[in-house]
Structures are given as structure tokens and as C-alpha cells.
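Engineer: Below is the structure I would like to discuss, written out as C-alpha cells.
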Amino acid sequence: MAFDPEKARDYVYRNGTLFERALFAWLFDGGCLERLWRIILCYKNPDGGFGHGLEHDLKAPQSNPLALEYLLGVMKHSKMPAGSLLDGAADWVEAQMDERGALRNPPETRDYPLEWWWREKGGQTMPDSIVGNLMRFGCATPTLIEKTKAWALNHYTPEKVMENQWLFMAYHAFDFFFAVDDFPKLADFQQATVDNIVTCAIALPENQLDSLFAFAPAPDSMIARALPAGLPDRCLDSLSGAQQDEGHWLDQHNLPQWYSMTTINVLLAFKRYGRWG
């Protein structure tokens with residue numbers, strides 16, 4: 001084991017947000033799930049949505065799709081039970097949909113710190129990952145599912161899924177097409193999604209290796225079995241030697257606000273692949 005888990009723990013507890021520290025504690029230190037839920041609820045608004053900078057790139061207090069998308073991704077990847085966290089979330093998402101099924105972002109998001117790549121749209125407009133993960137947690141309403149299916153039919157073909165060249169972005173198709181169970185030519189979309197992830201994984205740059213484990217979280221996962229033999233282990237070997245002197249791992253854009261969560265995700269991959277703990 002070339003990495004130092006104690007230094008990683010120290011980094012997260014020194015630099016992570018209260019949410020990230022509580023998540024680390026629950027995943028690795030026997031921390032309290034109820035405490036983690038209480039902390040997450042501090043980011044929830046009375047309208048059923050989430051805001052307050054839960055997702056580092058958008059700091060507005062108003063409920064916004066990006067915050068919910070991020071939370072759902074963390075919950076899915078960490079296998080966090082939902083409890084009452086998602087109560088009202090589906091109704092909130094449906095209320096943000098325009099006539100095409102795209103998501104509106106509150107205009108106030110531009111009045112608060114917002115990373116430049118979200119400036120034009122004010123945040124996430126694509127509903128696929130959000131609704132797919134709400135389905136996984138049994139929290140999506142039938143009308144929300146139907147509206148998102150209509151949106152997906154207008155935005156995706158299997159060929160378009162295969163055009164994606166950035167592994168990180170494959171979460172949109174992956175989260176939706178492996179959650180919905182009634183969609184035209186679903187098997188074709190699912191196969192295109194798997195093929196795209198495998199193609200991107202084979203060409204994965206060194207600074208993006210951690211993103212593989214969002215899709216192949218454990219050796220027996222579907223994507224892990226679809227990958228060329230030994231690829232996850234080679235990625236983990238490289239990650240073992242990529243820990244920084246301060247104890248953390250870099251995110252793929254070298255943004256310090258993401259180092260703690262990247263570190264948590266890398267440690268979780270080590271744990272699930274039997275490299276630590």
C-alpha cells in the first residue's frame with residue numbers, strides 16, 4: 001500500500017467542508033449516518049430543493065438543479081440510504097421543467113459565486129441524471145419520469161451517446177438509461193452507454209483516473225466486468241502513487257475545492273477493490 005490513509009484523513013478533516021468530513025466519517029470511521037443526514041438537510045430549502053453551495057461550483061443559496069444532481073450522485077456512489085432527504089425533491093424538479101423537459105435555474109444563481117463554465121446557463125439544465133437517480137431511490141413521480149423520457153427521446157440517440165469523449169460526462173446517459181425500465185430501444189441505449197464508457201476508459205488521461213470508479217465502483221460491477229482485464233488495477237496502481245504530500249489527490253482540473261471529495265472517492269475505490277481497510 002503505497003498511499004498513506006492517515007495523511008488522507010488528516011487532509012479531509014483539515015480542509016473539507018462539514019458535509020465532506022461527515023461523509024468521510026460515515027464511510028471510513030464508523031461515523032453516524034443520522035448526523036450526516038442532519039448536515040445534508042442544512043443545504044435543503046423549504047421548496048424541496050437543495051442549494052447553499054452544496055456543489056462547490058455554484059454557491060447560491062437558492063435551490064438549483066446542480067446541487068440536487070451532485071447530492072444524488074454522492075448518495076448513489078457512497079450507497080447512502082435516502083431517509084427523508086429526498087422528500088419533496090421530485091415535485092421540486094418537475095416544477096423547474098420547461099415545456100421541453102429541460103431544467104430552469106433560478107436567475108439569482110448569477111448573483112453569487114459561480115464557476116465560469118456554468119455562467120451561460122446558470123447551472124445544470126439536463127434532467128437525465130437527476131431523474132434517473134431519483135428513480136433509483138424510489139422517489140421519482142410517474143409524471144416526472146414521463147417528462148424526462150420525452151426529453152431524452154429528443155436529445156439522445158445511441159449514436160449521440162457514443163459521441164461523448166470525456167468519461168466524466170458519461171454519467172448523464174449512465175444514470176438515466178440504467179435506471180429507466182421502459183424506453184424505446186432501451187437495450188441499444190444501454191449498450192451504447194457501456195461501449196462509450198469502455199472507449200473513454202481505455203483512453204483515460206492520467207489526471208482523470210479516479211473518474212473511472214464512478215462507473216466501476218467495485219470489481220463485480222457491470223462496467224468493471226466490461227473493461228479490458230486489469231484496467232481498474234492499473235488505474236489503482238497509478239492512483240496509489242499520486243497522493244500529494246499534503247495527503248490528498250488532485251481533481252482533474254486542479255481545483256482545490258474538489259480535493260477533499262476526490263480524496264474520498266479515491267479512498268473508497270481502494271477500499272472496494274481490497275487495497276485498504
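Following the order of the C-alpha cells, chains are lettered A, B, ..., residues in each are numbered from 1, and ligands are numbered from 1.
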List every residue of range 89-130 of chain A that DSSP, applied to the backbone, labels as helix (DSSP H, G or I), and write the result as a compact mmCIF listing (two decimals) with all heavy atoms, in the first residue's frame.
Structural biologist:
# COMPACT_ATOMS: atom_id res chain seq x y z
N ALA A 89 -38.36 16.31 -3.34
CA ALA A 89 -37.40 16.63 -4.40
C ALA A 89 -37.99 16.44 -5.79
O ALA A 89 -37.76 17.26 -6.69
CB ALA A 89 -36.14 15.78 -4.24
N ALA A 90 -38.76 15.38 -5.98
CA ALA A 90 -39.32 15.13 -7.31
C ALA A 90 -40.29 16.24 -7.72
O ALA A 90 -40.29 16.70 -8.86
CB ALA A 90 -40.03 13.77 -7.35
N ASP A 91 -41.12 16.68 -6.79
CA ASP A 91 -42.04 17.77 -7.10
C ASP A 91 -41.27 19.04 -7.41
O ASP A 91 -41.65 19.81 -8.31
CB ASP A 91 -42.99 18.01 -5.93
CG ASP A 91 -43.98 16.87 -5.73
OD1 ASP A 91 -44.22 16.13 -6.71
OD2 ASP A 91 -44.49 16.72 -4.60
N TRP A 92 -40.17 19.26 -6.70
CA TRP A 92 -39.36 20.45 -6.98
C TRP A 92 -38.77 20.37 -8.38
O TRP A 92 -38.81 21.35 -9.14
CB TRP A 92 -38.24 20.59 -5.95
CG TRP A 92 -37.38 21.78 -6.25
CD1 TRP A 92 -37.62 23.08 -5.90
CD2 TRP A 92 -36.16 21.78 -7.01
NE1 TRP A 92 -36.62 23.90 -6.39
CE2 TRP A 92 -35.72 23.12 -7.08
CE3 TRP A 92 -35.41 20.78 -7.63
CZ2 TRP A 92 -34.57 23.49 -7.75
CZ3 TRP A 92 -34.25 21.15 -8.29
CH2 TRP A 92 -33.84 22.49 -8.35
N VAL A 93 -38.24 19.21 -8.77
CA VAL A 93 -37.66 19.06 -10.10
C VAL A 93 -38.72 19.31 -11.17
O VAL A 93 -38.47 20.05 -12.14
CB VAL A 93 -37.04 17.66 -10.27
CG1 VAL A 93 -36.59 17.44 -11.71
CG2 VAL A 93 -35.86 17.47 -9.33
N GLU A 94 -39.88 18.72 -11.01
CA GLU A 94 -40.92 18.89 -12.02
C GLU A 94 -41.32 20.36 -12.15
O GLU A 94 -41.60 20.84 -13.26
CB GLU A 94 -42.13 18.03 -11.68
CG GLU A 94 -43.12 17.91 -12.81
CD GLU A 94 -44.15 16.82 -12.60
OE1 GLU A 94 -44.00 16.01 -11.65
OE2 GLU A 94 -45.11 16.78 -13.38
N ALA A 95 -41.31 21.08 -11.04
CA ALA A 95 -41.67 22.50 -11.09
C ALA A 95 -40.63 23.33 -11.83
O ALA A 95 -40.93 24.44 -12.29
CB ALA A 95 -41.85 23.03 -9.67
N GLN A 96 -39.40 22.80 -11.96
CA GLN A 96 -38.35 23.53 -12.66
C GLN A 96 -38.32 23.23 -14.16
O GLN A 96 -37.57 23.86 -14.90
CB GLN A 96 -36.96 23.19 -12.08
CG GLN A 96 -36.84 23.26 -10.58
CD GLN A 96 -37.47 24.47 -9.97
OE1 GLN A 96 -37.19 25.61 -10.36
NE2 GLN A 96 -38.36 24.25 -9.01
N PRO A 107 -32.61 32.67 -11.64
CA PRO A 107 -31.70 33.72 -12.13
C PRO A 107 -30.76 34.24 -11.05
O PRO A 107 -29.68 34.75 -11.36
CB PRO A 107 -32.65 34.82 -12.61
CG PRO A 107 -33.96 34.55 -11.94
CD PRO A 107 -34.02 33.06 -11.78
N GLU A 108 -31.13 34.08 -9.80
CA GLU A 108 -30.28 34.57 -8.70
C GLU A 108 -28.95 33.83 -8.61
O GLU A 108 -28.02 34.31 -7.95
CB GLU A 108 -31.01 34.44 -7.37
CG GLU A 108 -32.24 35.31 -7.22
CD GLU A 108 -33.50 34.64 -7.75
OE1 GLU A 108 -33.37 33.55 -8.39
OE2 GLU A 108 -34.59 35.17 -7.53
N THR A 109 -28.83 32.66 -9.27
CA THR A 109 -27.56 31.94 -9.18
C THR A 109 -26.41 32.79 -9.71
O THR A 109 -25.26 32.63 -9.28
CB THR A 109 -27.60 30.61 -9.97
OG1 THR A 109 -27.95 30.86 -11.32
CG2 THR A 109 -28.59 29.64 -9.35
N ARG A 110 -26.70 33.69 -10.64
CA ARG A 110 -25.65 34.54 -11.22
C ARG A 110 -25.24 35.68 -10.28
O ARG A 110 -24.27 36.39 -10.56
CB ARG A 110 -26.11 35.09 -12.56
CG ARG A 110 -26.29 34.02 -13.64
CD ARG A 110 -26.75 34.64 -14.95
NE ARG A 110 -26.84 33.67 -16.02
CZ ARG A 110 -27.91 32.91 -16.26
NH1 ARG A 110 -28.98 33.02 -15.47
NH2 ARG A 110 -27.92 32.05 -17.26
N ASP A 111 -25.97 35.85 -9.21
CA ASP A 111 -25.64 36.91 -8.24
C ASP A 111 -24.66 36.43 -7.19
O ASP A 111 -24.25 37.22 -6.33
CB ASP A 111 -26.91 37.42 -7.55
CG ASP A 111 -27.90 38.05 -8.52
OD1 ASP A 111 -27.44 38.56 -9.56
OD2 ASP A 111 -29.11 38.01 -8.24
N TRP A 116 -17.10 29.76 -14.17
CA TRP A 116 -17.38 30.35 -15.48
C TRP A 116 -18.09 29.40 -16.43
O TRP A 116 -18.87 29.81 -17.28
CB TRP A 116 -16.07 30.86 -16.12
CG TRP A 116 -15.07 29.78 -16.43
CD1 TRP A 116 -14.03 29.38 -15.66
CD2 TRP A 116 -15.03 28.98 -17.61
NE1 TRP A 116 -13.34 28.38 -16.27
CE2 TRP A 116 -13.92 28.10 -17.47
CE3 TRP A 116 -15.80 28.89 -18.77
CZ2 TRP A 116 -13.57 27.17 -18.45
CZ3 TRP A 116 -15.46 27.96 -19.75
CH2 TRP A 116 -14.36 27.12 -19.59
N TRP A 117 -17.86 28.07 -16.29
CA TRP A 117 -18.48 27.14 -17.24
C TRP A 117 -19.99 26.99 -17.02
O TRP A 117 -20.67 26.43 -17.85
CB TRP A 117 -17.79 25.78 -17.19
CG TRP A 117 -17.59 25.22 -15.81
CD1 TRP A 117 -18.46 24.48 -15.07
CD2 TRP A 117 -16.40 25.35 -15.01
NE1 TRP A 117 -17.92 24.15 -13.87
CE2 TRP A 117 -16.64 24.66 -13.80
CE3 TRP A 117 -15.17 25.97 -15.21
CZ2 TRP A 117 -15.70 24.59 -12.79
CZ3 TRP A 117 -14.23 25.90 -14.20
CH2 TRP A 117 -14.49 25.21 -13.01
N TRP A 118 -20.49 27.49 -15.88
CA TRP A 118 -21.94 27.49 -15.65
C TRP A 118 -22.55 28.87 -15.89
O TRP A 118 -23.76 29.04 -15.75
CB TRP A 118 -22.25 27.06 -14.22
CG TRP A 118 -21.97 25.63 -13.93
CD1 TRP A 118 -21.06 25.14 -13.03
CD2 TRP A 118 -22.59 24.49 -14.51
NE1 TRP A 118 -21.07 23.77 -13.03
CE2 TRP A 118 -22.01 23.33 -13.93
CE3 TRP A 118 -23.57 24.31 -15.48
CZ2 TRP A 118 -22.37 22.05 -14.28
CZ3 TRP A 118 -23.94 23.02 -15.84
CH2 TRP A 118 -23.34 21.92 -15.25
N ASP A 128 -31.59 14.29 -16.97
CA ASP A 128 -31.46 12.83 -17.07
C ASP A 128 -30.85 12.18 -15.83
O ASP A 128 -31.43 11.23 -15.27
CB ASP A 128 -30.68 12.44 -18.32
CG ASP A 128 -29.43 13.30 -18.54
OD1 ASP A 128 -29.04 14.05 -17.64
OD2 ASP A 128 -28.84 13.21 -19.64
N SER A 129 -29.70 12.67 -15.38
CA SER A 129 -29.06 12.07 -14.21
C SER A 129 -29.90 12.26 -12.96
O SER A 129 -30.05 11.32 -12.15
CB SER A 129 -27.66 12.68 -14.02
OG SER A 129 -27.09 12.24 -12.81
N ILE A 130 -30.43 13.45 -12.79
CA ILE A 130 -31.24 13.73 -11.60
C ILE A 130 -32.42 12.78 -11.52
O ILE A 130 -32.65 12.13 -10.48
CB ILE A 130 -31.73 15.19 -11.62
CG1 ILE A 130 -30.54 16.14 -11.44
CG2 ILE A 130 -32.77 15.43 -10.52
CD1 ILE A 130 -30.89 17.60 -11.63
Engineer: Could I get the residues of range 177-224 of chain A with an atom no further than 9 Å from an atom of range 252-258 of chain A, each paired with its nearest atom pair and that distance in Å to one decimal, using only C-alpha atoms, sorted by chain and residue number, as JSON lines?
Structural biologist:
{"residue": "A:Glu206", "atom": "CA", "partner": "A:Gln252", "partner_atom": "CA", "distance": 8.9}
{"residue": "A:Asn207", "atom": "CA", "partner": "A:Gln252", "partner_atom": "CA", "distance": 5.2}
{"residue": "A:Gln208", "atom": "CA", "partner": "A:Gln252", "partner_atom": "CA", "distance": 5.3}
{"residue": "A:Leu209", "atom": "CA", "partner": "A:Gln252", "partner_atom": "CA", "distance": 8.5}
{"residue": "A:Asp210", "atom": "CA", "partner": "A:Gln252", "partner_atom": "CA", "distance": 8.5}
{"residue": "A:Ser211", "atom": "CA", "partner": "A:Gln252", "partner_atom": "CA", "distance": 8.7}
Engineer: Near Val194 in chain A, within 9 Å and counting only C-alpha atoms, which residues show up once chain neighbours fewer than 5 positions away are dropped, as an MDAnalysis selection string?
Structural biologist: chainID A and resid 174 189 199 222:223 226
Engineer: So that I have them on file, write out the residues from the current selection with N, CA and C atoms, as a tab-separated table (two decimals), in the first residue's frame.
Structural biologist:
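again_24.tsv, written as the output of this step:
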chain	number	residue	atom	x	y	z
A	174	PHE	N	-25.48	7.18	-18.37
A	174	PHE	CA	-25.39	6.03	-17.47
A	174	PHE	C	-26.46	6.09	-16.39
A	189	PHE	N	-29.55	1.75	-26.22
A	189	PHE	CA	-29.01	2.88	-25.46
A	189	PHE	C	-28.07	2.39	-24.36
A	199	THR	N	-14.73	2.78	-24.11
A	199	THR	CA	-13.86	3.50	-25.05
A	199	THR	C	-13.15	4.65	-24.36
A	222	MET	N	-20.94	-3.97	-13.12
A	222	MET	CA	-21.16	-4.24	-14.54
A	222	MET	C	-20.06	-3.64	-15.41
A	223	ILE	N	-19.73	-2.38	-15.19
A	223	ILE	CA	-18.72	-1.73	-16.02
A	223	ILE	C	-17.35	-2.34	-15.77
A	226	ALA	N	-16.93	-5.20	-17.87
A	226	ALA	CA	-16.87	-4.90	-19.30
A	226	ALA	C	-15.53	-4.33	-19.73
Engineer: Calculated over only C-alpha atoms, which of the candidates A:Arg14, A:Lys44, A:His56, A:Arg100 has the smallest distance to Asp87 in chain A?
Structural biologist: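 Looking at the shortest contact to Asp87 in chain A, the residue is A:Lys44.
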Engineer: Can you tell me how far CA of Tyr112 in chain A sits from CA of Ala60 in chain A, in Å to one decimal?
Structural biologist: 5.3 Å
Engineer: For Thr157 in chain A, please output as a list in words all residues within 10 Å (counting only C-alpha atoms; exclusion window: fewer than 3 positions along the same chain).
Structural biologist: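 Selected residues are Ala152, Leu153, Asn154, Lys160, Val161, Met162, Glu163, Lys185, Asp188, Phe189 and Ala192 of chain A.
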Engineer: Separation of CA of Asp98 in chain A and CA of Pro127 in chain A, in Å?
Structural biologist: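 That distance, rounded to one decimal, is 10.9 Å.
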Engineer: For the strand (DSSP E or B) assignment from backbone DSSP, which residues of range 14-235 of chain A qualify? Please present them as a list in words.
Structural biologist: Lys44, Phe50, Leu58, Met97, Leu103 and Leu114 of chain A
Engineer: Go ahead and save the picked residues with N, CA, C and O atoms, as a compact mmCIF listing (two decimals), in the first residue's frame.
Structural biologist:
# COMPACT_ATOMS: atom_id res chain seq x y z
N LYS A 44 -30.79 22.00 2.44
CA LYS A 44 -32.11 21.86 1.81
C LYS A 44 -32.97 23.07 2.12
O LYS A 44 -32.95 23.62 3.23
N PHE A 50 -32.24 21.79 -3.12
CA PHE A 50 -31.00 21.99 -2.37
C PHE A 50 -30.20 23.13 -2.99
O PHE A 50 -30.26 23.38 -4.19
N LEU A 58 -21.23 26.22 -7.58
CA LEU A 58 -22.38 27.13 -7.60
C LEU A 58 -22.79 27.40 -6.16
O LEU A 58 -23.31 26.52 -5.48
N MET A 97 -39.10 22.27 -14.61
CA MET A 97 -39.05 21.85 -16.02
C MET A 97 -39.79 22.83 -16.91
O MET A 97 -40.89 23.28 -16.58
N LEU A 103 -34.37 21.81 -17.49
CA LEU A 103 -34.50 22.38 -16.15
C LEU A 103 -34.13 23.86 -16.15
O LEU A 103 -33.13 24.27 -16.74
N LEU A 114 -20.03 31.72 -9.01
CA LEU A 114 -20.45 30.71 -9.98
C LEU A 114 -19.28 30.49 -10.93
O LEU A 114 -18.77 31.44 -11.52
Engineer: Name all residues at most 9 Å from Leu239 in chain A (count only C-alpha atoms; drop same-chain ones fewer than 2 positions away) and give them as an MDAnalysis selection string.
Structural biologist: chainID A and resid 3 206 209:210 234:237 241:243 249 266
Engineer: Please identify all polymer residues within 6 Å of Pro65 in chain A, counting only C-alpha atoms, omitting same-chain residues fewer than 2 positions from it, and present them as a CSV table (one decimal) with N, CA and C atoms, in the first residue's frame.
Structural biologist:
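Produced file result-v6.csv, reproduced below:
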chain,number,residue,atom,x,y,z
A,67,ALA,N,-27.1,21.4,-7.5
A,67,ALA,CA,-26.9,20.9,-6.1
A,67,ALA,C,-27.6,19.5,-5.9
A,68,LEU,N,-28.8,19.4,-6.4
A,68,LEU,CA,-29.5,18.1,-6.3
A,68,LEU,C,-28.8,17.0,-7.1
A,124,GLN,N,-27.1,23.5,-14.1
A,124,GLN,CA,-27.5,22.4,-14.9
A,124,GLN,C,-28.9,22.5,-15.5
Engineer: Give the answer as one residue: which of A:Ala269, A:Leu250, A:Met261, A:Ala203 has the shortest atom-to-atom distance to Tyr70 in chain A, using only C-alpha atoms?
Structural biologist: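 Going through A:Ala269, A:Leu250, A:Met261, A:Ala203 one by one, the smallest distance to Tyr70 in chain A is for A:Met261.
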Engineer: From the set A:Ala201, A:Leu268, A:Leu85, A:Thr262, which residue has the shortest atom-to-atom contact distance to Gly247 in chain A, counting only C-alpha atoms?
Structural biologist: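 Using only C-alpha atoms, Gly247 in chain A sits closest to A:Thr262.
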Engineer: Excluding range 9-12 of chain A and any residue of its chain fewer than 2 positions from it, enumerate the residues within 9 Å of it, using only C-alpha atoms, and give them as number ranges by chain.
Structural biologist: A: 4-7, 14-17, 20-21, 24, 246-248, 259-261, 263-264
Engineer: For the residues selected in the previous step, produce a file with N, CA, C and O atoms as a compact mmCIF listing (two decimals), in the first residue's frame.
Structural biologist:
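New file out-v9.txt:
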# COMPACT_ATOMS: atom_id res chain seq x y z
N ASP A 4 -0.87 6.80 1.94
CA ASP A 4 -0.94 6.96 3.39
C ASP A 4 -2.36 7.37 3.77
O ASP A 4 -2.73 8.54 3.64
N PRO A 5 -3.19 6.44 4.25
CA PRO A 5 -4.57 6.78 4.59
C PRO A 5 -4.69 7.77 5.74
O PRO A 5 -5.65 8.54 5.81
N GLU A 6 -3.73 7.76 6.66
CA GLU A 6 -3.79 8.71 7.77
C GLU A 6 -3.60 10.14 7.28
O GLU A 6 -4.27 11.07 7.73
N LYS A 7 -2.67 10.33 6.35
CA LYS A 7 -2.48 11.66 5.78
C LYS A 7 -3.72 12.09 5.00
O LYS A 7 -4.10 13.26 5.01
N ARG A 14 -8.92 18.53 7.81
CA ARG A 14 -8.36 19.87 7.89
C ARG A 14 -8.98 20.81 6.85
O ARG A 14 -9.15 22.01 7.10
N ASN A 15 -9.35 20.28 5.69
CA ASN A 15 -9.73 21.13 4.57
C ASN A 15 -11.15 20.90 4.05
O ASN A 15 -11.65 21.76 3.31
N GLY A 16 -11.76 19.80 4.37
CA GLY A 16 -13.07 19.51 3.83
C GLY A 16 -14.17 20.32 4.49
O GLY A 16 -14.02 20.84 5.60
N THR A 17 -15.30 20.43 3.80
CA THR A 17 -16.47 21.05 4.40
C THR A 17 -17.04 20.12 5.48
O THR A 17 -16.66 18.95 5.60
N GLU A 20 -18.36 17.07 3.87
CA GLU A 20 -17.33 16.13 3.44
C GLU A 20 -16.70 15.40 4.62
O GLU A 20 -16.42 14.19 4.55
N ARG A 21 -16.51 16.10 5.72
CA ARG A 21 -15.96 15.44 6.90
C ARG A 21 -16.93 14.41 7.46
O ARG A 21 -16.52 13.32 7.88
N PHE A 24 -16.88 11.40 5.13
CA PHE A 24 -15.67 10.62 5.39
C PHE A 24 -15.86 9.78 6.65
O PHE A 24 -15.56 8.58 6.67
N GLU A 246 0.54 16.69 0.94
CA GLU A 246 -0.39 17.10 2.00
C GLU A 246 -1.40 16.01 2.34
O GLU A 246 -2.16 16.14 3.31
N GLY A 247 -1.45 14.94 1.54
CA GLY A 247 -2.33 13.81 1.85
C GLY A 247 -3.48 13.62 0.89
O GLY A 247 -4.18 12.61 0.96
N HIS A 248 -3.71 14.55 -0.01
CA HIS A 248 -4.88 14.50 -0.88
C HIS A 248 -4.52 14.02 -2.28
O HIS A 248 -3.35 13.84 -2.62
N TYR A 259 -10.54 18.85 -3.93
CA TYR A 259 -9.54 17.87 -3.50
C TYR A 259 -10.08 16.93 -2.42
O TYR A 259 -9.78 15.73 -2.44
N SER A 260 -10.86 17.44 -1.48
CA SER A 260 -11.34 16.57 -0.40
C SER A 260 -12.28 15.50 -0.93
O SER A 260 -12.16 14.32 -0.58
N MET A 261 -13.22 15.88 -1.83
CA MET A 261 -14.13 14.88 -2.35
C MET A 261 -13.41 13.91 -3.28
O MET A 261 -13.70 12.70 -3.28
N THR A 263 -10.39 12.95 -2.88
CA THR A 263 -9.68 12.06 -1.95
C THR A 263 -10.62 11.01 -1.37
O THR A 263 -10.27 9.83 -1.29
N ILE A 264 -11.82 11.42 -1.00
CA ILE A 264 -12.81 10.46 -0.51
C ILE A 264 -13.11 9.41 -1.57
O ILE A 264 -13.17 8.21 -1.28
Engineer: Measuring between only C-alpha atoms, which one of A:Lys121, A:Lys147, A:His172, A:Arg225 shows the shortest distance to Val198 in chain A?
Structural biologist: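 Result for the nearest residue to Val198 in chain A: A:Arg225.
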Engineer: Which one is closest to Leu36 in chain A: A:Met126, A:Leu144, A:Ala216, A:Leu18? Count only C-alpha atoms.
Structural biologist: A:Leu18
Engineer: With distances taken over only C-alpha atoms, which of A:Pro184, A:Gly101, A:Gly122, A:Gly88 is nearest to Ala140 in chain A?
Structural biologist: A:Gly88
Engineer: CA of Asn105 in chain A and CA of Thr125 in chain A are how many Å apart?
Structural biologist: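 Taking CA of Asn105 in chain A and CA of Thr125 in chain A, their separation equals 7.2 Å.
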